[in-house]
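Dumped target.cif below, it's mmCIF, N, CA and C atoms:
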data_run
#
loop_
_atom_site.label_atom_id
_atom_site.label_comp_id
_atom_site.auth_asym_id
_atom_site.auth_seq_id
_atom_site.Cartn_x
_atom_site.Cartn_y
_atom_site.Cartn_z
N GLN O 1 42.96 70.61 142.03
CA GLN O 1 43.70 69.67 141.23
C GLN O 1 44.15 70.33 139.93
N VAL O 2 44.98 69.65 139.18
CA VAL O 2 45.52 70.20 137.95
C VAL O 2 45.18 69.27 136.80
N GLN O 3 44.93 69.85 135.65
CA GLN O 3 44.74 69.09 134.42
C GLN O 3 45.98 69.29 133.54
N LEU O 4 46.43 68.22 132.92
CA LEU O 4 47.68 68.24 132.16
C LEU O 4 47.43 67.83 130.71
N VAL O 5 48.01 68.58 129.78
CA VAL O 5 47.88 68.26 128.36
C VAL O 5 49.27 68.28 127.73
N GLU O 6 49.67 67.15 127.17
CA GLU O 6 50.97 67.05 126.51
C GLU O 6 50.85 67.40 125.04
N SER O 7 51.95 67.89 124.47
CA SER O 7 52.03 68.16 123.04
C SER O 7 53.48 68.07 122.62
N GLY O 8 53.68 68.05 121.29
CA GLY O 8 55.04 68.07 120.77
C GLY O 8 55.56 66.74 120.26
N GLY O 9 54.78 65.69 120.44
CA GLY O 9 55.22 64.41 119.94
C GLY O 9 55.17 64.36 118.42
N GLY O 10 55.74 63.28 117.86
CA GLY O 10 55.73 63.13 116.42
C GLY O 10 56.70 62.06 115.97
N LEU O 11 56.95 62.07 114.67
CA LEU O 11 57.88 61.11 114.07
C LEU O 11 59.19 61.81 113.76
N VAL O 12 60.29 61.19 114.18
CA VAL O 12 61.60 61.78 113.96
C VAL O 12 62.59 60.66 113.65
N GLN O 13 63.62 60.98 112.90
CA GLN O 13 64.65 60.00 112.60
C GLN O 13 65.62 59.86 113.77
N ALA O 14 66.24 58.72 113.86
CA ALA O 14 67.24 58.49 114.89
C ALA O 14 68.31 59.58 114.81
N GLY O 15 68.70 60.08 115.98
CA GLY O 15 69.66 61.17 116.05
C GLY O 15 69.02 62.54 116.11
N GLY O 16 67.73 62.59 115.84
CA GLY O 16 67.03 63.86 115.84
C GLY O 16 66.59 64.30 117.24
N SER O 17 65.83 65.39 117.25
CA SER O 17 65.39 65.99 118.51
C SER O 17 63.91 66.31 118.47
N LEU O 18 63.30 66.31 119.63
CA LEU O 18 61.94 66.77 119.83
C LEU O 18 61.86 67.46 121.18
N ARG O 19 60.92 68.39 121.30
CA ARG O 19 60.64 68.99 122.60
C ARG O 19 59.17 68.79 122.93
N LEU O 20 58.95 68.09 124.01
CA LEU O 20 57.60 67.89 124.50
C LEU O 20 57.23 69.01 125.46
N SER O 21 55.95 69.37 125.44
CA SER O 21 55.42 70.36 126.38
C SER O 21 54.27 69.74 127.16
N CYS O 22 54.13 70.19 128.38
CA CYS O 22 53.01 69.77 129.23
C CYS O 22 52.41 71.03 129.83
N ALA O 23 51.22 71.37 129.37
CA ALA O 23 50.54 72.56 129.84
C ALA O 23 49.55 72.20 130.94
N GLY O 24 49.62 72.94 132.03
CA GLY O 24 48.71 72.70 133.14
C GLY O 24 47.60 73.72 133.18
N SER O 25 46.45 73.29 133.68
CA SER O 25 45.32 74.19 133.93
C SER O 25 44.66 73.78 135.23
N GLY O 26 43.86 74.70 135.75
CA GLY O 26 43.31 74.44 137.08
C GLY O 26 44.28 74.99 138.11
N ARG O 27 44.70 74.18 139.01
CA ARG O 27 45.69 74.61 139.99
C ARG O 27 47.04 74.79 139.31
N ALA O 28 47.79 75.81 139.71
CA ALA O 28 49.06 76.13 139.07
C ALA O 28 50.07 74.99 139.24
N VAL O 29 50.83 74.74 138.18
CA VAL O 29 51.79 73.64 138.23
C VAL O 29 52.93 73.93 139.20
N ARG O 30 53.09 75.21 139.58
CA ARG O 30 54.17 75.51 140.52
C ARG O 30 53.92 74.86 141.89
N SER O 31 52.69 74.42 142.09
CA SER O 31 52.35 73.76 143.34
C SER O 31 52.82 72.30 143.38
N TYR O 32 53.34 71.80 142.24
CA TYR O 32 53.64 70.39 142.11
C TYR O 32 55.06 70.13 141.66
N SER O 33 55.62 69.04 142.11
CA SER O 33 56.76 68.49 141.41
C SER O 33 56.20 67.81 140.16
N MET O 34 56.98 67.82 139.08
CA MET O 34 56.49 67.35 137.79
C MET O 34 57.41 66.28 137.23
N GLY O 35 56.85 65.46 136.38
CA GLY O 35 57.68 64.41 135.80
C GLY O 35 57.16 63.95 134.45
N TRP O 36 57.99 63.15 133.82
CA TRP O 36 57.63 62.50 132.56
C TRP O 36 57.86 60.99 132.70
N PHE O 37 56.92 60.24 132.19
CA PHE O 37 57.02 58.79 132.07
C PHE O 37 56.81 58.43 130.60
N ARG O 38 57.14 57.21 130.25
CA ARG O 38 56.85 56.75 128.90
C ARG O 38 56.43 55.28 128.92
N GLN O 39 55.65 54.92 127.91
CA GLN O 39 55.17 53.54 127.81
C GLN O 39 55.28 53.08 126.38
N ALA O 40 56.14 52.11 126.14
CA ALA O 40 56.28 51.50 124.82
C ALA O 40 55.21 50.42 124.65
N PRO O 41 54.91 50.05 123.42
CA PRO O 41 53.89 49.02 123.18
C PRO O 41 54.16 47.73 123.97
N GLU O 42 53.16 47.27 124.67
CA GLU O 42 53.22 46.03 125.44
C GLU O 42 54.29 46.06 126.53
N LYS O 43 54.63 47.25 126.97
CA LYS O 43 55.61 47.41 128.06
C LYS O 43 54.97 48.18 129.19
N ASP O 44 55.57 48.07 130.37
CA ASP O 44 55.10 48.86 131.51
C ASP O 44 55.49 50.32 131.34
N ARG O 45 54.72 51.18 132.00
CA ARG O 45 55.07 52.59 132.01
C ARG O 45 56.33 52.79 132.87
N LYS O 46 57.26 53.58 132.34
CA LYS O 46 58.54 53.76 133.02
C LYS O 46 58.88 55.22 133.24
N PHE O 47 59.55 55.49 134.33
CA PHE O 47 59.99 56.83 134.68
C PHE O 47 61.03 57.33 133.69
N VAL O 48 60.93 58.62 133.34
CA VAL O 48 61.91 59.24 132.45
C VAL O 48 62.68 60.35 133.16
N ALA O 49 61.93 61.30 133.73
CA ALA O 49 62.59 62.46 134.34
C ALA O 49 61.62 63.12 135.32
N ALA O 50 62.19 63.87 136.27
CA ALA O 50 61.38 64.62 137.23
C ALA O 50 62.07 65.93 137.55
N ILE O 51 61.26 66.89 137.99
CA ILE O 51 61.79 68.20 138.34
C ILE O 51 61.02 68.71 139.56
N SER O 52 61.73 69.35 140.47
CA SER O 52 61.10 69.86 141.68
C SER O 52 60.29 71.11 141.39
N ARG O 53 59.57 71.58 142.41
CA ARG O 53 58.63 72.69 142.20
C ARG O 53 59.30 73.94 141.66
N ASN O 54 60.47 74.26 142.18
CA ASN O 54 61.14 75.48 141.74
C ASN O 54 62.18 75.22 140.65
N GLY O 55 62.28 73.97 140.20
CA GLY O 55 63.22 73.62 139.14
C GLY O 55 64.64 73.40 139.61
N GLY O 56 64.86 73.49 140.91
CA GLY O 56 66.21 73.37 141.42
C GLY O 56 66.78 71.97 141.42
N ASN O 57 65.92 71.00 141.43
CA ASN O 57 66.35 69.60 141.43
C ASN O 57 65.74 68.86 140.26
N THR O 58 66.56 68.07 139.59
CA THR O 58 66.09 67.22 138.49
C THR O 58 66.64 65.82 138.68
N TYR O 59 65.98 64.87 138.07
CA TYR O 59 66.38 63.47 138.19
C TYR O 59 66.01 62.75 136.91
N TYR O 60 66.89 61.88 136.45
CA TYR O 60 66.68 61.22 135.16
C TYR O 60 66.88 59.71 135.26
N ALA O 61 66.17 59.01 134.43
CA ALA O 61 66.46 57.60 134.25
C ALA O 61 67.81 57.47 133.56
N ASP O 62 68.53 56.41 133.88
CA ASP O 62 69.85 56.20 133.29
C ASP O 62 69.79 56.15 131.76
N SER O 63 68.70 55.63 131.24
CA SER O 63 68.58 55.44 129.80
C SER O 63 68.50 56.75 129.02
N VAL O 64 68.18 57.86 129.70
CA VAL O 64 68.03 59.14 129.00
C VAL O 64 69.02 60.19 129.49
N LYS O 65 69.77 59.86 130.53
CA LYS O 65 70.69 60.82 131.12
C LYS O 65 71.70 61.29 130.06
N GLY O 66 71.88 62.61 129.98
CA GLY O 66 72.80 63.18 129.01
C GLY O 66 72.17 63.48 127.66
N ARG O 67 70.97 62.95 127.43
CA ARG O 67 70.27 63.18 126.16
C ARG O 67 68.99 64.00 126.35
N PHE O 68 68.31 63.79 127.45
CA PHE O 68 67.04 64.48 127.72
C PHE O 68 67.26 65.53 128.81
N THR O 69 66.49 66.61 128.71
CA THR O 69 66.51 67.66 129.72
C THR O 69 65.09 68.06 130.08
N ILE O 70 64.78 67.99 131.37
CA ILE O 70 63.48 68.44 131.84
C ILE O 70 63.63 69.86 132.38
N SER O 71 62.64 70.69 132.09
CA SER O 71 62.66 72.06 132.59
C SER O 71 61.22 72.51 132.80
N ARG O 72 61.07 73.66 133.45
CA ARG O 72 59.73 74.17 133.70
C ARG O 72 59.73 75.68 133.65
N ASP O 73 58.59 76.23 133.26
CA ASP O 73 58.35 77.66 133.27
C ASP O 73 57.06 77.86 134.06
N ASN O 74 57.18 78.14 135.34
CA ASN O 74 56.00 78.25 136.19
C ASN O 74 55.12 79.44 135.79
N ALA O 75 55.71 80.46 135.23
CA ALA O 75 54.93 81.61 134.78
C ALA O 75 54.00 81.22 133.63
N LYS O 76 54.43 80.22 132.83
CA LYS O 76 53.61 79.75 131.71
C LYS O 76 52.85 78.48 132.06
N ASN O 77 53.01 78.03 133.30
CA ASN O 77 52.30 76.81 133.74
C ASN O 77 52.64 75.61 132.86
N THR O 78 53.90 75.52 132.47
CA THR O 78 54.30 74.51 131.49
C THR O 78 55.61 73.84 131.91
N VAL O 79 55.68 72.55 131.61
CA VAL O 79 56.88 71.76 131.81
C VAL O 79 57.31 71.22 130.46
N TYR O 80 58.61 71.10 130.26
CA TYR O 80 59.15 70.67 128.97
C TYR O 80 60.04 69.44 129.14
N LEU O 81 60.16 68.72 128.06
CA LEU O 81 61.14 67.64 127.98
C LEU O 81 61.85 67.78 126.64
N GLN O 82 63.09 68.26 126.68
CA GLN O 82 63.90 68.36 125.48
C GLN O 82 64.60 67.02 125.27
N MET O 83 64.37 66.43 124.12
CA MET O 83 64.92 65.11 123.82
C MET O 83 65.86 65.21 122.63
N ASN O 84 67.12 64.93 122.86
CA ASN O 84 68.14 64.98 121.81
C ASN O 84 68.72 63.59 121.58
N SER O 85 69.39 63.43 120.46
CA SER O 85 70.03 62.16 120.12
C SER O 85 69.06 61.00 120.29
N LEU O 86 67.89 61.16 119.74
CA LEU O 86 66.85 60.15 119.92
C LEU O 86 67.22 58.83 119.27
N LYS O 87 66.77 57.76 119.90
CA LYS O 87 67.04 56.39 119.45
C LYS O 87 65.71 55.69 119.21
N PRO O 88 65.71 54.66 118.37
CA PRO O 88 64.45 53.93 118.15
C PRO O 88 63.85 53.39 119.45
N GLU O 89 64.67 53.06 120.41
CA GLU O 89 64.14 52.55 121.68
C GLU O 89 63.49 53.62 122.54
N ASP O 90 63.56 54.87 122.12
CA ASP O 90 62.83 55.94 122.80
C ASP O 90 61.38 56.01 122.33
N THR O 91 61.03 55.23 121.33
CA THR O 91 59.66 55.22 120.83
C THR O 91 58.70 54.78 121.92
N ALA O 92 57.70 55.62 122.18
CA ALA O 92 56.74 55.35 123.26
C ALA O 92 55.70 56.46 123.30
N VAL O 93 54.68 56.24 124.08
CA VAL O 93 53.77 57.32 124.46
C VAL O 93 54.35 57.96 125.72
N TYR O 94 54.50 59.28 125.68
CA TYR O 94 55.09 60.02 126.79
C TYR O 94 53.99 60.71 127.58
N PHE O 95 54.02 60.52 128.90
CA PHE O 95 53.01 61.07 129.78
C PHE O 95 53.64 62.08 130.73
N CYS O 96 52.92 63.15 130.95
CA CYS O 96 53.29 64.15 131.94
C CYS O 96 52.57 63.83 133.24
N THR O 97 53.22 64.08 134.35
CA THR O 97 52.61 63.80 135.65
C THR O 97 52.95 64.90 136.64
N ALA O 98 52.05 65.10 137.60
CA ALA O 98 52.24 66.09 138.66
C ALA O 98 52.01 65.43 140.00
N GLY O 99 52.84 65.81 140.96
CA GLY O 99 52.72 65.23 142.29
C GLY O 99 52.80 66.28 143.37
N ALA O 100 52.04 66.07 144.43
CA ALA O 100 52.01 67.02 145.53
C ALA O 100 53.33 67.03 146.30
N VAL O 101 54.01 65.91 146.32
CA VAL O 101 55.31 65.82 146.96
C VAL O 101 56.27 65.14 146.01
N TRP O 102 57.53 65.38 146.21
CA TRP O 102 58.58 64.77 145.38
C TRP O 102 58.46 63.26 145.41
N GLY O 103 58.38 62.66 144.23
CA GLY O 103 58.28 61.22 144.14
C GLY O 103 56.87 60.70 144.06
N SER O 104 55.88 61.57 144.20
CA SER O 104 54.49 61.14 144.04
C SER O 104 53.99 61.57 142.67
N TYR O 105 53.05 60.82 142.15
CA TYR O 105 52.52 61.06 140.80
C TYR O 105 51.00 60.99 140.88
N ASP O 106 50.39 62.12 141.17
CA ASP O 106 48.98 62.16 141.50
C ASP O 106 48.08 62.41 140.30
N TYR O 107 48.59 63.14 139.32
CA TYR O 107 47.80 63.54 138.16
C TYR O 107 48.58 63.21 136.90
N TRP O 108 47.82 62.81 135.86
CA TRP O 108 48.44 62.37 134.62
C TRP O 108 47.76 63.03 133.42
N GLY O 109 48.55 63.29 132.38
CA GLY O 109 47.99 63.71 131.11
C GLY O 109 47.60 62.50 130.28
N GLN O 110 47.12 62.77 129.07
CA GLN O 110 46.66 61.70 128.19
C GLN O 110 47.78 61.09 127.37
N GLY O 111 48.90 61.77 127.29
CA GLY O 111 50.05 61.23 126.58
C GLY O 111 50.19 61.78 125.17
N THR O 112 51.43 61.74 124.68
CA THR O 112 51.74 62.14 123.31
C THR O 112 52.70 61.11 122.73
N GLN O 113 52.44 60.72 121.49
CA GLN O 113 53.22 59.65 120.86
C GLN O 113 54.53 60.20 120.30
N VAL O 114 55.61 59.52 120.61
CA VAL O 114 56.92 59.80 120.02
C VAL O 114 57.37 58.54 119.29
N THR O 115 57.68 58.69 118.01
CA THR O 115 58.16 57.57 117.21
C THR O 115 59.50 57.95 116.59
N VAL O 116 60.50 57.11 116.83
CA VAL O 116 61.84 57.35 116.31
C VAL O 116 62.16 56.25 115.31
N SER O 117 62.39 56.66 114.08
CA SER O 117 62.68 55.68 113.02
C SER O 117 64.19 55.49 112.88
N SER O 118 64.56 54.28 112.50
CA SER O 118 66.00 53.96 112.37
C SER O 118 66.49 54.24 110.96
#
Could the structure of this file be written out as C-alpha cells, please?
Amino acid sequence: QVQLVESGGGLVQAGGSLRLSCAGSGRAVRSYSMGWFRQAPEKDRKFVAAISRNGGNTYYADSVKGRFTISRDNAKNTVYLQMNSLKPEDTAVYFCTAGAVWGSYDYWGQGTQVTVSS
C-alpha cells in the first residue's frame, strides 16, 4: 500500500496561485492512478482532478477546468496540483488519493487547507 502526505496549502488572495504536492511512500505512486478531491466546510468531498499512472490521461471537474493542472513525477514519487486564478469558492481542504485502477480511490492523505480570500 501507499502512504500519502499533502503539502503546499495556505492562504492566498483571489486571483493568486498555489501548487499542492502529494508525496507518496511505501509502494511507488507509479503503481497508481492519482487524484485530488476537496471538501469545503459542511460540504461533501468532491472530485477535482485525476491523472493516469503514466500521466498520459488527465480529467478535471468542470469547476476547475482551465485553471488547475494535475501532473506527476514518478521518479520523485510525487503528484502536483497547480492552481491558478484561485477563487474564494476554491477554499477547502484538499486531499490526495491513489487508486489501483482508474476511477478508484483506495488510499487517502490527511489533507491540506487552502483558503482564498476575496
As an NGL selection string, please: the residues near region 34-51 of chain O (cut-off 8 Å, only N, CA and C atoms, same-chain neighbours under 6 positions excluded). :O and (57-65 or 68-72 or 79 or 81 or 89-105)
Determine the residue membership of the PyMOL selection byres ((chain O and resi 113) around 6.5) for the file above and supply it as number ranges by chain. O: 9-11, 92-94, 111-112, 114-115
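Atom C of Ser21 (chain O) is positioned 6.1 Å from atom N of Gly8 (chain O).
For the file shown, the residue list from the PyMOL selection byres ((chain O and resi 13-16) around 7) reads Leu11, Val12, Ser17, Leu18, Met83, Asn84, Ser85, Leu86, Lys87, Pro88, Thr115, Val116, Ser117 and Ser118 of chain O.
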Strand (DSSP E) positions in region 43-89 of chain O, given as a PyMOL selection string: chain O and resi 46-51+58-60+68-73+78-83
Using all atoms of region 89-93 of chain O that appear in the file, construct an axis-aligned enclosing box with 3 Å of padding on every side and provide its centre coordinates and edge lengths in Å, rounded to one decimal, as JSON.
{"center_x": 59.2, "center_y": 55.3, "center_z": 123.1, "size_x": 16.9, "size_y": 11.4, "size_z": 11.3}
